[in-house]
file protein.pdb (PDB, C-alpha atoms, pLDDT in the B column)
ATOM      1  CA  GLU T  87     114.614  92.393  86.714  1.00 91.00           C
ATOM      2  CA  THR T  88     116.054  90.312  89.565  1.00 93.00           C
ATOM      3  CA  ASN T  89     115.842  93.273  91.918  1.00 94.00           C
ATOM      4  CA  LEU T  90     112.256  93.955  90.901  1.00 94.00           C
ATOM      5  CA  ARG T  91     111.290  90.328  91.515  1.00 94.00           C
ATOM      6  CA  ARG T  92     112.935  90.561  94.928  1.00 94.00           C
ATOM      7  CA  ALA T  93     111.021  93.770  95.661  1.00 94.00           C
ATOM      8  CA  LEU T  94     107.766  91.984  94.856  1.00 94.00           C
ATOM      9  CA  ASP T  95     108.703  89.193  97.273  1.00 92.00           C
ATOM     10  CA  THR T  96     109.405  91.579 100.140  1.00 87.00           C
ATOM     11  CA  GLY T  97     106.968  93.825 101.935  1.00 81.00           C
ATOM     12  CA  ASP T  98     109.074  96.930 102.495  1.00 89.00           C
ATOM     13  CA  GLN T  99     110.418  98.175  99.141  1.00 95.00           C
ATOM     14  CA  LEU T 100     107.227  99.031  97.253  1.00 96.00           C
ATOM     15  CA  SER T 101     104.846 101.699  98.509  1.00 96.00           C
ATOM     16  CA  VAL T 102     102.144 103.983  97.172  1.00 97.00           C
ATOM     17  CA  HIS T 103     102.015 107.763  97.277  1.00 97.00           C
ATOM     18  CA  TYR T 104      98.843 109.717  96.572  1.00 98.00           C
ATOM     19  CA  GLN T 105      98.321 112.965  94.661  1.00 97.00           C
ATOM     20  CA  PRO T 106      95.020 114.774  95.281  1.00 97.00           C
ATOM     21  CA  LYS T 107      92.657 115.991  92.581  1.00 97.00           C
ATOM     22  CA  LEU T 108      90.754 119.170  93.411  1.00 97.00           C
ATOM     23  CA  ASP T 109      87.417 120.495  92.201  1.00 97.00           C
ATOM     24  CA  LEU T 110      88.314 123.836  90.598  1.00 97.00           C
ATOM     25  CA  ASN T 111      85.091 125.483  91.796  1.00 95.00           C
ATOM     26  CA  THR T 112      84.800 124.245  95.375  1.00 95.00           C
ATOM     27  CA  ARG T 113      88.578 123.743  95.883  1.00 94.00           C
ATOM     28  CA  THR T 114      87.869 120.495  97.712  1.00 96.00           C
ATOM     29  CA  ILE T 115      89.618 117.178  97.192  1.00 96.00           C
ATOM     30  CA  VAL T 116      87.438 114.929  95.039  1.00 97.00           C
ATOM     31  CA  GLY T 117      89.848 112.057  94.484  1.00 97.00           C
ATOM     32  CA  LEU T 118      93.412 110.791  94.615  1.00 98.00           C
ATOM     33  CA  GLU T 119      95.744 109.214  92.085  1.00 98.00           C
ATOM     34  CA  ALA T 120      97.805 106.311  93.418  1.00 98.00           C
ATOM     35  CA  LEU T 121     101.445 106.382  92.278  1.00 96.00           C
ATOM     36  CA  LEU T 122     103.826 103.501  92.890  1.00 96.00           C
ATOM     37  CA  ARG T 123     107.191 104.125  94.549  1.00 96.00           C
ATOM     38  CA  TRP T 124     110.162 101.731  94.766  1.00 96.00           C
ATOM     39  CA  HIS T 125     112.818 102.317  97.414  1.00 95.00           C
ATOM     40  CA  HIS T 126     115.714  99.944  96.788  1.00 94.00           C
ATOM     41  CA  PRO T 127     117.853  99.178  99.877  1.00 92.00           C
ATOM     42  CA  VAL T 128     121.077  99.994  97.971  1.00 93.00           C
ATOM     43  CA  ARG T 129     120.132 102.138  94.974  1.00 93.00           C
ATOM     44  CA  GLY T 130     117.586 104.240  96.836  1.00 94.00           C
ATOM     45  CA  ASN T 131     114.498 105.583  95.087  1.00 94.00           C
ATOM     46  CA  ILE T 132     114.087 104.203  91.569  1.00 94.00           C
ATOM     47  CA  PRO T 133     111.887 106.330  89.260  1.00 91.00           C
ATOM     48  CA  PRO T 134     108.726 104.678  87.872  1.00 92.00           C
ATOM     49  CA  GLY T 135     109.944 105.574  84.392  1.00 91.00           C
ATOM     50  CA  ASP T 136     112.823 103.174  84.938  1.00 92.00           C
ATOM     51  CA  PHE T 137     110.998 100.158  86.326  1.00 94.00           C
ATOM     52  CA  ILE T 138     107.471 100.289  84.860  1.00 94.00           C
ATOM     53  CA  PRO T 139     108.707  99.674  81.269  1.00 93.00           C
ATOM     54  CA  LEU T 140     110.887  96.861  82.622  1.00 93.00           C
ATOM     55  CA  ALA T 141     107.866  95.323  84.343  1.00 95.00           C
ATOM     56  CA  GLU T 142     105.932  95.466  81.080  1.00 93.00           C
ATOM     57  CA  GLN T 143     108.774  93.954  79.056  1.00 94.00           C
ATOM     58  CA  THR T 144     109.268  91.056  81.475  1.00 93.00           C
ATOM     59  CA  GLY T 145     105.630  90.310  82.260  1.00 92.00           C
ATOM     60  CA  LEU T 146     106.039  91.395  85.888  1.00 95.00           C
ATOM     61  CA  VAL T 147     103.492  94.164  85.359  1.00 95.00           C
ATOM     62  CA  HIS T 148     100.658  91.822  86.321  1.00 95.00           C
ATOM     63  CA  LEU T 149     102.206  91.079  89.715  1.00 95.00           C
ATOM     64  CA  LEU T 150     103.118  94.738  90.119  1.00 96.00           C
ATOM     65  CA  THR T 151      99.575  95.912  89.397  1.00 96.00           C
ATOM     66  CA  ARG T 152      98.163  93.406  91.851  1.00 96.00           C
ATOM     67  CA  ARG T 153     100.578  94.657  94.528  1.00 96.00           C
ATOM     68  CA  VAL T 154      99.472  98.236  93.870  1.00 97.00           C
ATOM     69  CA  LEU T 155      95.821  97.261  94.139  1.00 98.00           C
ATOM     70  CA  GLU T 156      96.474  95.424  97.393  1.00 97.00           C
ATOM     71  CA  LEU T 157      98.328  98.388  98.886  1.00 97.00           C
ATOM     72  CA  VAL T 158      95.677 100.866  97.742  1.00 98.00           C
ATOM     73  CA  LEU T 159      92.699  98.793  98.850  1.00 98.00           C
ATOM     74  CA  ASP T 160      94.292  98.118 102.221  1.00 98.00           C
ATOM     75  CA  GLN T 161      94.711 101.868 102.730  1.00 98.00           C
ATOM     76  CA  MET T 162      91.181 102.557 101.514  1.00 98.00           C
ATOM     77  CA  ARG T 163      89.870 100.016 104.010  1.00 98.00           C
ATOM     78  CA  THR T 164      91.633 101.966 106.767  1.00 98.00           C
ATOM     79  CA  TRP T 165      90.222 105.271 105.535  1.00 98.00           C
ATOM     80  CA  LEU T 166      86.707 103.818 105.354  1.00 98.00           C
ATOM     81  CA  ALA T 167      87.020 102.574 108.936  1.00 97.00           C
ATOM     82  CA  GLU T 168      87.918 106.162 109.913  1.00 97.00           C
ATOM     83  CA  GLY T 169      84.896 107.544 108.057  1.00 96.00           C
ATOM     84  CA  GLN T 170      86.903 108.846 105.085  1.00 95.00           C
ATOM     85  CA  GLU T 171      85.287 107.913 101.771  1.00 96.00           C
ATOM     86  CA  ILE T 172      87.299 109.066  98.776  1.00 96.00           C
ATOM     87  CA  GLN T 173      87.830 107.727  95.277  1.00 97.00           C
ATOM     88  CA  VAL T 174      91.324 106.542  94.336  1.00 98.00           C
ATOM     89  CA  ALA T 175      92.581 106.122  90.771  1.00 98.00           C
ATOM     90  CA  VAL T 176      94.971 103.311  89.819  1.00 97.00           C
ATOM     91  CA  ASN T 177      96.806 103.142  86.493  1.00 95.00           C
ATOM     92  CA  LEU T 178      96.414 100.088  84.253  1.00 93.00           C
ATOM     93  CA  SER T 179      98.768  99.245  81.394  1.00 90.00           C
ATOM     94  CA  ALA T 180      97.747  97.842  78.028  1.00 87.00           C
ATOM     95  CA  LEU T 181      99.061  94.453  79.183  1.00 90.00           C
ATOM     96  CA  ASN T 182      96.738  94.542  82.183  1.00 91.00           C
ATOM     97  CA  LEU T 183      93.793  95.197  79.910  1.00 89.00           C
ATOM     98  CA  ALA T 184      94.752  92.178  77.810  1.00 88.00           C
ATOM     99  CA  GLU T 185      94.088  89.853  80.758  1.00 88.00           C
ATOM    100  CA  PRO T 186      90.799  88.080  79.981  1.00 85.00           C
ATOM    101  CA  ASP T 187      89.864  87.708  83.665  1.00 90.00           C
ATOM    102  CA  LEU T 188      91.057  91.095  84.900  1.00 93.00           C
ATOM    103  CA  ASP T 189      87.569  92.164  85.971  1.00 93.00           C
ATOM    104  CA  ARG T 190      87.135  89.015  88.080  1.00 95.00           C
ATOM    105  CA  LYS T 191      90.488  89.553  89.783  1.00 96.00           C
ATOM    106  CA  ILE T 192      89.536  93.145  90.607  1.00 97.00           C
ATOM    107  CA  ALA T 193      86.127  92.073  91.894  1.00 97.00           C
ATOM    108  CA  ASP T 194      87.736  89.458  94.149  1.00 97.00           C
ATOM    109  CA  LEU T 195      90.131  92.035  95.618  1.00 98.00           C
ATOM    110  CA  LEU T 196      87.325  94.550  96.186  1.00 98.00           C
ATOM    111  CA  ASP T 197      85.372  91.871  98.011  1.00 97.00           C
ATOM    112  CA  GLU T 198      88.405  90.794 100.052  1.00 98.00           C
ATOM    113  CA  TYR T 199      89.132  94.319 101.284  1.00 98.00           C
ATOM    114  CA  GLY T 200      85.507  95.406 101.589  1.00 97.00           C
ATOM    115  CA  VAL T 201      85.843  98.449  99.334  1.00 98.00           C
ATOM    116  CA  PRO T 202      82.920  99.544  97.108  1.00 97.00           C
ATOM    117  CA  ALA T 203      83.752  99.408  93.403  1.00 97.00           C
ATOM    118  CA  ARG T 204      82.570 103.003  92.929  1.00 97.00           C
ATOM    119  CA  LEU T 205      85.516 104.234  95.021  1.00 98.00           C
ATOM    120  CA  LEU T 206      88.056 102.713  92.632  1.00 97.00           C
ATOM    121  CA  GLU T 207      88.857 104.426  89.352  1.00 97.00           C
ATOM    122  CA  PHE T 208      91.118 103.029  86.646  1.00 96.00           C
ATOM    123  CA  GLU T 209      93.274 105.242  84.461  1.00 94.00           C
ATOM    124  CA  ILE T 210      94.047 103.825  81.045  1.00 90.00           C
ATOM    125  CA  THR T 211      95.862 105.056  77.950  1.00 80.00           C
ATOM    126  CA  GLU T 212      94.938 102.234  75.591  1.00 68.00           C
ATOM    127  CA  ARG T 213      91.701 101.061  74.084  1.00 66.00           C
ATOM    128  CA  ALA T 214      90.316  97.717  75.259  1.00 65.00           C
ATOM    129  CA  SER T 215      86.550  98.132  75.177  1.00 69.00           C
ATOM    130  CA  ALA T 216      85.496  94.599  76.180  1.00 79.00           C
ATOM    131  CA  THR T 217      87.603  94.572  79.337  1.00 83.00           C
ATOM    132  CA  LEU T 218      86.713  98.157  80.192  1.00 87.00           C
ATOM    133  CA  SER T 219      83.010  97.490  79.780  1.00 88.00           C
ATOM    134  CA  ARG T 220      83.151  94.619  82.252  1.00 90.00           C
ATOM    135  CA  ILE T 221      85.074  96.730  84.768  1.00 93.00           C
ATOM    136  CA  ALA T 222      82.639  99.611  84.344  1.00 93.00           C
ATOM    137  CA  ALA T 223      79.725  97.220  84.848  1.00 93.00           C
ATOM    138  CA  MET T 224      81.136  96.417  88.299  1.00 94.00           C
ATOM    139  CA  GLY T 225      80.648 100.048  89.297  1.00 95.00           C
ATOM    140  CA  SER T 226      84.211 101.352  89.009  1.00 96.00           C
ATOM    141  CA  THR T 227      84.851 104.444  86.910  1.00 95.00           C
ATOM    142  CA  ILE T 228      87.268 104.716  83.979  1.00 94.00           C
ATOM    143  CA  ALA T 229      89.562 107.650  83.233  1.00 94.00           C
ATOM    144  CA  LEU T 230      91.323 108.092  79.908  1.00 90.00           C
ATOM    145  CA  ASP T 231      94.823 109.311  80.781  1.00 89.00           C
ATOM    146  CA  ASP T 232      97.135 111.475  78.639  1.00 80.00           C
ATOM    147  CA  PHE T 233      94.355 112.324  76.198  1.00 79.00           C
ATOM    148  CA  GLY T 234      95.710 113.980  73.079  1.00 70.00           C
ATOM    149  CA  ILE T 235      99.038 112.162  72.966  1.00 71.00           C
ATOM    150  CA  GLY T 236      97.867 108.540  73.122  1.00 63.00           C
ATOM    151  CA  ASN T 237      96.276 106.190  70.603  1.00 63.00           C
ATOM    152  CA  THR T 238      92.606 106.868  71.350  1.00 64.00           C
ATOM    153  CA  SER T 239      90.840 108.896  68.671  1.00 66.00           C
ATOM    154  CA  ILE T 240      87.900 111.228  69.216  1.00 76.00           C
ATOM    155  CA  SER T 241      85.574 108.873  67.356  1.00 71.00           C
ATOM    156  CA  GLN T 242      86.414 106.075  69.793  1.00 73.00           C
ATOM    157  CA  LEU T 243      85.313 108.100  72.836  1.00 80.00           C
ATOM    158  CA  ARG T 244      81.655 107.366  72.126  1.00 80.00           C
ATOM    159  CA  ASP T 245      82.299 103.609  72.167  1.00 80.00           C
ATOM    160  CA  LEU T 246      84.349 103.454  75.384  1.00 84.00           C
ATOM    161  CA  PRO T 247      82.855 103.499  78.913  1.00 90.00           C
ATOM    162  CA  ILE T 248      84.891 106.557  79.861  1.00 91.00           C
ATOM    163  CA  ASP T 249      83.813 108.751  82.788  1.00 94.00           C
ATOM    164  CA  THR T 250      86.826 111.074  82.991  1.00 95.00           C
ATOM    165  CA  LEU T 251      89.058 112.678  80.383  1.00 94.00           C
ATOM    166  CA  LYS T 252      92.505 113.642  81.689  1.00 94.00           C
ATOM    167  CA  ILE T 253      94.144 116.455  79.737  1.00 93.00           C
ATOM    168  CA  ASP T 254      97.853 115.727  79.379  1.00 90.00           C
ATOM    169  CA  ARG T 255     100.237 118.037  81.239  1.00 91.00           C
ATOM    170  CA  SER T 256     101.957 119.016  77.975  1.00 91.00           C
ATOM    171  CA  PHE T 257      98.759 120.805  76.915  1.00 92.00           C
ATOM    172  CA  ILE T 258      98.576 122.588  80.263  1.00 94.00           C
ATOM    173  CA  VAL T 259     102.161 123.820  79.864  1.00 91.00           C
ATOM    174  CA  ASP T 260     101.260 125.094  76.391  1.00 90.00           C
ATOM    175  CA  MET T 261      98.530 127.316  77.892  1.00 91.00           C
ATOM    176  CA  ALA T 262     101.232 129.995  77.997  1.00 82.00           C
ATOM    177  CA  THR T 263     100.398 130.445  74.301  1.00 81.00           C
ATOM    178  CA  ALA T 264      97.014 131.481  72.907  1.00 75.00           C
ATOM    179  CA  GLY T 265      96.835 128.393  70.726  1.00 81.00           C
ATOM    180  CA  GLY T 266      97.558 126.157  73.690  1.00 86.00           C
ATOM    181  CA  GLU T 267      94.701 127.647  75.692  1.00 91.00           C
ATOM    182  CA  VAL T 268      92.293 127.151  72.806  1.00 91.00           C
ATOM    183  CA  LEU T 269      93.314 123.500  72.574  1.00 91.00           C
ATOM    184  CA  VAL T 270      92.662 122.900  76.279  1.00 94.00           C
ATOM    185  CA  LYS T 271      89.262 124.595  75.948  1.00 94.00           C
ATOM    186  CA  VAL T 272      88.411 122.359  72.987  1.00 93.00           C
ATOM    187  CA  VAL T 273      89.323 119.192  74.925  1.00 93.00           C
ATOM    188  CA  THR T 274      87.368 120.408  77.970  1.00 96.00           C
ATOM    189  CA  ASP T 275      84.286 121.081  75.853  1.00 96.00           C
ATOM    190  CA  LEU T 276      84.729 117.718  74.149  1.00 93.00           C
ATOM    191  CA  ALA T 277      84.722 115.965  77.517  1.00 94.00           C
ATOM    192  CA  HIS T 278      81.514 117.731  78.509  1.00 96.00           C
ATOM    193  CA  GLU T 279      79.861 116.874  75.197  1.00 94.00           C
ATOM    194  CA  PHE T 280      80.448 113.211  76.027  1.00 93.00           C
ATOM    195  CA  GLU T 281      79.253 113.836  79.620  1.00 94.00           C
ATOM    196  CA  MET T 282      82.726 113.232  81.035  1.00 95.00           C
ATOM    197  CA  VAL T 283      84.620 115.016  83.785  1.00 97.00           C
ATOM    198  CA  ALA T 284      87.547 117.088  82.470  1.00 97.00           C
ATOM    199  CA  VAL T 285      90.703 116.798  84.601  1.00 97.00           C
ATOM    200  CA  ALA T 286      93.801 118.932  83.994  1.00 96.00           C
ATOM    201  CA  GLU T 287      97.116 117.287  84.888  1.00 95.00           C
ATOM    202  CA  GLY T 288     100.357 119.025  85.797  1.00 95.00           C
ATOM    203  CA  VAL T 289      98.861 122.263  87.157  1.00 96.00           C
ATOM    204  CA  GLU T 290     101.660 124.211  88.846  1.00 95.00           C
ATOM    205  CA  GLU T 291     100.551 127.855  88.762  1.00 95.00           C
ATOM    206  CA  ALA T 292      97.568 129.599  90.371  1.00 95.00           C
ATOM    207  CA  ASP T 293      97.001 131.670  87.217  1.00 95.00           C
ATOM    208  CA  ILE T 294      96.697 128.509  85.122  1.00 95.00           C
ATOM    209  CA  ALA T 295      94.260 127.011  87.635  1.00 96.00           C
ATOM    210  CA  GLU T 296      92.065 130.109  87.471  1.00 96.00           C
ATOM    211  CA  ARG T 297      92.078 130.098  83.674  1.00 95.00           C
ATOM    212  CA  LEU T 298      91.123 126.424  83.690  1.00 97.00           C
ATOM    213  CA  ARG T 299      88.262 127.125  86.086  1.00 97.00           C
ATOM    214  CA  ALA T 300      87.052 130.013  83.917  1.00 96.00           C
ATOM    215  CA  MET T 301      86.969 127.841  80.797  1.00 95.00           C
ATOM    216  CA  GLY T 302      84.897 125.200  82.590  1.00 97.00           C
ATOM    217  CA  CYS T 303      87.493 122.545  83.420  1.00 97.00           C
ATOM    218  CA  ASP T 304      86.174 120.507  86.358  1.00 98.00           C
ATOM    219  CA  VAL T 305      89.170 119.136  88.250  1.00 98.00           C
ATOM    220  CA  ALA T 306      92.896 119.898  88.516  1.00 98.00           C
ATOM    221  CA  GLN T 307      95.874 117.936  89.766  1.00 97.00           C
ATOM    222  CA  GLY T 308      99.481 119.036  90.135  1.00 96.00           C
ATOM    223  CA  PHE T 309     102.260 120.502  92.242  1.00 96.00           C
ATOM    224  CA  LEU T 310     100.244 123.701  92.817  1.00 95.00           C
ATOM    225  CA  TYR T 311      98.155 121.703  95.277  1.00 96.00           C
ATOM    226  CA  ALA T 312     100.404 118.840  96.349  1.00 95.00           C
ATOM    227  CA  ARG T 313     103.147 116.538  95.262  1.00 94.00           C
ATOM    228  CA  PRO T 314     102.464 112.802  95.598  1.00 95.00           C
ATOM    229  CA  VAL T 315     102.700 112.029  99.340  1.00 95.00           C
ATOM    230  CA  PRO T 316     102.345 108.965 101.577  1.00 95.00           C
ATOM    231  CA  ALA T 317      98.872 108.196 102.868  1.00 95.00           C
TER     232      ALA T 317
END
call {"tool": "encode", "arguments": {"input": "protein.pdb", "output": "structure tokens"}}
result
Amino acid sequence: ETNLRRALDTGDQLSVHYQPKLDLNTRTIVGLEALLRWHHPVRGNIPPGDFIPLAEQTGLVHLLTRRVLELVLDQMRTWLAEGQEIQVAVNLSALNLAEPDLDRKIADLLDEYGVPARLLEFEITERASATLSRIAAMGSTIALDDFGIGNTSISQLRDLPIDTLKIDRSFIVDMATAGGEVLVKVVTDLAHEFEMVAVAEGVEEADIAERLRAMGCDVAQGFLYARPVPA
């Protein structure tokens, strides 16, 4: 916790890498997911799975999320100045969504960095309809991450301002079995029924990508295309 607080106070330990999302039909990049990286001066690279839960347990997640947004928006400002307009997705935790003024804080940062709200997407795994509705009203899009293993039920999809449904990588791995492929097709069709974009996570093989395209999945993300890389 002390090290994480120190990392937040310095400007050289925390950085953001980006993993592209590709349209399965046009094979063009349609967005990026921002992924936080922590390089400790002594311990080296610390996995997000080690420090994100710690940030949530200690309340540092709010400061951490703000730092991520600042880093991402600063980079997006640079890309916009170079004529590159691309949507970037940032992950929000359940604790972030519990902040009553989260939408105002996001709006202030968007205004400060001069980035249109439509270019910022938020990936969530928890339900918080009031907060999400206010964020969506600003013009940002909402993606439901890890669908199928989280707490959001199918019946709740109609009540949430969700634009994108991300199919968890565990389902993509299970496409090696007939039942697994059927399940992915069902989730893809479900997304389309709710007029959402279906995104497959964890795509690592060209054969899987082609099968996803054939079943109508819209977008894919994974090591087949690129690992998370610096801007």
call {"tool": "closest_residue", "arguments": {"input": "protein.pdb", "among": "T:Gly145, T:Gly308, T:Gly117, T:Gly288", "to": "Leu90 (chain T)", "atoms": "all atoms listed in the file"}}
result
T:Gly145
call {"tool": "resolve_selection", "arguments": {"input": "protein.pdb", "expression": "the PyMOL selection byres ((chain T and resi 106) around 9)", "output": "list of chain:residue names"}}
result
T:Tyr104, T:Gln105, T:Lys107, T:Leu108, T:Ile115, T:Val116, T:Gly117, T:Leu118, T:Glu119, T:Ala306, T:Gln307, T:Gly308, T:Tyr311, T:Ala312, T:Arg313, T:Pro314
call {"tool": "resolve_selection", "arguments": {"input": "protein.pdb", "expression": "the PyMOL selection byres ((chain T and resi 196) around 12)", "output": "PyMOL selection string"}}
result
chain T and resi 152+155-160+162-163+189-195+197-206+221+224-226
call {"tool": "write_last_selection", "arguments": {"input": "protein.pdb", "atoms": "C-alpha atoms", "output": "short mmCIF file (atom, residue, chain, number, x, y, z; two decimals), keeping the file's coordinate frame"}}
result
data_model
loop_
_atom_site.label_atom_id
_atom_site.label_comp_id
_atom_site.auth_asym_id
_atom_site.auth_seq_id
_atom_site.Cartn_x
_atom_site.Cartn_y
_atom_site.Cartn_z
CA ARG T 152 98.16 93.41 91.85
CA LEU T 155 95.82 97.26 94.14
CA GLU T 156 96.47 95.42 97.39
CA LEU T 157 98.33 98.39 98.89
CA VAL T 158 95.68 100.87 97.74
CA LEU T 159 92.70 98.79 98.85
CA ASP T 160 94.29 98.12 102.22
CA MET T 162 91.18 102.56 101.51
CA ARG T 163 89.87 100.02 104.01
CA ASP T 189 87.57 92.16 85.97
CA ARG T 190 87.14 89.02 88.08
CA LYS T 191 90.49 89.55 89.78
CA ILE T 192 89.54 93.14 90.61
CA ALA T 193 86.13 92.07 91.89
CA ASP T 194 87.74 89.46 94.15
CA LEU T 195 90.13 92.04 95.62
CA ASP T 197 85.37 91.87 98.01
CA GLU T 198 88.40 90.79 100.05
CA TYR T 199 89.13 94.32 101.28
CA GLY T 200 85.51 95.41 101.59
CA VAL T 201 85.84 98.45 99.33
CA PRO T 202 82.92 99.54 97.11
CA ALA T 203 83.75 99.41 93.40
CA ARG T 204 82.57 103.00 92.93
CA LEU T 205 85.52 104.23 95.02
CA LEU T 206 88.06 102.71 92.63
CA ILE T 221 85.07 96.73 84.77
CA MET T 224 81.14 96.42 88.30
CA GLY T 225 80.65 100.05 89.30
CA SER T 226 84.21 101.35 89.01
#
call {"tool": "residues_around", "arguments": {"input": "protein.pdb", "residues": "Val102 (chain T)", "least_positions_apart": "5", "cutoff": "9 Å", "atoms": "all atoms listed in the file", "output": "list in words"}}
result
Ala120, Leu121, Leu122, Arg123, Trp124, Val154, Leu157, Val158, Pro314, Val315, Pro316 and Ala317 of chain T
call {"tool": "residues_around", "arguments": {"input": "protein.pdb", "residues": "His126 (chain T)", "least_positions_apart": "2", "cutoff": "10 Å", "atoms": "all atoms listed in the file", "output": "NGL selection string"}}
result
:T and (89-90 or 92-93 or 98-100 or 123-124 or 128-132)
call {"tool": "closest_residue", "arguments": {"input": "protein.pdb", "among": "T:Ala180, T:Ala277, T:Ala223, T:Leu218", "to": "Leu243 (chain T)", "atoms": "all atoms listed in the file"}}
result
T:Ala277
call {"tool": "residues_around", "arguments": {"input": "protein.pdb", "residues": "Phe257 (chain T)", "least_positions_apart": "3", "cutoff": "8 Å", "atoms": "only C-alpha atoms", "output": "list of chain:residue names"}}
result
T:Ile253, T:Asp254, T:Asp260, T:Met261, T:Gly266, T:Leu269, T:Val270
call {"tool": "resolve_selection", "arguments": {"input": "protein.pdb", "expression": "the PyMOL selection byres ((chain T and resi 244) around 12)", "output": "ChimeraX atom specification"}}
result
/T:215,238-243,245-249,276-277,279-282
call {"tool": "atom_distance", "arguments": {"input": "protein.pdb", "atom1": "CA of Leu251 (chain T)", "atom2": "CA of Leu183 (chain T)"}}
result
18.1 Å
call {"tool": "atom_distance", "arguments": {"input": "protein.pdb", "atom1": "CA of Thr211 (chain T)", "atom2": "CA of Leu230 (chain T)"}}
result
5.8 Å
call {"tool": "residues_around", "arguments": {"input": "protein.pdb", "residues": "Asp304 (chain T)", "least_positions_apart": "5", "cutoff": "12 Å", "atoms": "all atoms listed in the file", "output": "PDB file with C-alpha atoms, in the frame of the given file"}}
result
ATOM      1  CA  LYS T 107      92.657 115.991  92.581  1.00 97.00           C
ATOM      2  CA  LEU T 108      90.754 119.170  93.411  1.00 97.00           C
ATOM      3  CA  ASP T 109      87.417 120.495  92.201  1.00 97.00           C
ATOM      4  CA  LEU T 110      88.314 123.836  90.598  1.00 97.00           C
ATOM      5  CA  ASN T 111      85.091 125.483  91.796  1.00 95.00           C
ATOM      6  CA  THR T 112      84.800 124.245  95.375  1.00 95.00           C
ATOM      7  CA  ARG T 113      88.578 123.743  95.883  1.00 94.00           C
ATOM      8  CA  THR T 114      87.869 120.495  97.712  1.00 96.00           C
ATOM      9  CA  ILE T 115      89.618 117.178  97.192  1.00 96.00           C
ATOM     10  CA  VAL T 116      87.438 114.929  95.039  1.00 97.00           C
ATOM     11  CA  THR T 250      86.826 111.074  82.991  1.00 95.00           C
ATOM     12  CA  LEU T 251      89.058 112.678  80.383  1.00 94.00           C
ATOM     13  CA  LYS T 252      92.505 113.642  81.689  1.00 94.00           C
ATOM     14  CA  ILE T 253      94.144 116.455  79.737  1.00 93.00           C
ATOM     15  CA  LYS T 271      89.262 124.595  75.948  1.00 94.00           C
ATOM     16  CA  VAL T 273      89.323 119.192  74.925  1.00 93.00           C
ATOM     17  CA  THR T 274      87.368 120.408  77.970  1.00 96.00           C
ATOM     18  CA  ASP T 275      84.286 121.081  75.853  1.00 96.00           C
ATOM     19  CA  ALA T 277      84.722 115.965  77.517  1.00 94.00           C
ATOM     20  CA  HIS T 278      81.514 117.731  78.509  1.00 96.00           C
ATOM     21  CA  GLU T 281      79.253 113.836  79.620  1.00 94.00           C
ATOM     22  CA  MET T 282      82.726 113.232  81.035  1.00 95.00           C
ATOM     23  CA  VAL T 283      84.620 115.016  83.785  1.00 97.00           C
ATOM     24  CA  ALA T 284      87.547 117.088  82.470  1.00 97.00           C
ATOM     25  CA  VAL T 285      90.703 116.798  84.601  1.00 97.00           C
ATOM     26  CA  ALA T 286      93.801 118.932  83.994  1.00 96.00           C
ATOM     27  CA  GLU T 287      97.116 117.287  84.888  1.00 95.00           C
ATOM     28  CA  ALA T 295      94.260 127.011  87.635  1.00 96.00           C
ATOM     29  CA  GLU T 296      92.065 130.109  87.471  1.00 96.00           C
ATOM     30  CA  ARG T 297      92.078 130.098  83.674  1.00 95.00           C
ATOM     31  CA  LEU T 298      91.123 126.424  83.690  1.00 97.00           C
ATOM     32  CA  ARG T 299      88.262 127.125  86.086  1.00 97.00           C
TER      33      ARG T 299
END
call {"tool": "atom_distance", "arguments": {"input": "protein.pdb", "atom1": "CA of Ile294 (chain T)", "atom2": "CA of Ile235 (chain T)"}}
result
20.5 Å
call {"tool": "axis_aligned_box", "arguments": {"input": "protein.pdb", "around": "region 163-166 of chain T", "padding_each_side": "6 Å", "output": "AutoDock Vina command-line options"}}
result
--center_x 89.2 --center_y 102.6 --center_z 105.4 --size_x 16.9 --size_y 17.3 --size_z 14.8
call {"tool": "residues_near_point", "arguments": {"input": "protein.pdb", "point": "(106.7, 88.9, 94.9)", "cutoff": "10 Å", "atoms": "only C-alpha atoms", "output": "JSON, numbers by chain"}}
result
{"T": [90, 91, 92, 93, 94, 95, 96, 97, 146, 149, 150, 153]}
call {"tool": "write_last_selection", "arguments": {"input": "protein.pdb", "atoms": "C-alpha atoms", "output": "CSV table (one decimal), in the coordinates of the input"}}
result
chain,number,residue,atom,x,y,z
T,90,LEU,CA,112.3,94.0,90.9
T,91,ARG,CA,111.3,90.3,91.5
T,92,ARG,CA,112.9,90.6,94.9
T,93,ALA,CA,111.0,93.8,95.7
T,94,LEU,CA,107.8,92.0,94.9
T,95,ASP,CA,108.7,89.2,97.3
T,96,THR,CA,109.4,91.6,100.1
T,97,GLY,CA,107.0,93.8,101.9
T,146,LEU,CA,106.0,91.4,85.9
T,149,LEU,CA,102.2,91.1,89.7
T,150,LEU,CA,103.1,94.7,90.1
T,153,ARG,CA,100.6,94.7,94.5
call {"tool": "closest_residue", "arguments": {"input": "protein.pdb", "among": "T:Asn182, T:Thr151, T:Asn177, T:Ser101", "to": "Phe208 (chain T)", "atoms": "only C-alpha atoms"}}
result
T:Asn177
call {"tool": "closest_residue", "arguments": {"input": "protein.pdb", "among": "T:Gly169, T:Val176, T:Glu185, T:Glu87", "to": "Leu140 (chain T)", "atoms": "only C-alpha atoms"}}
result
T:Glu87
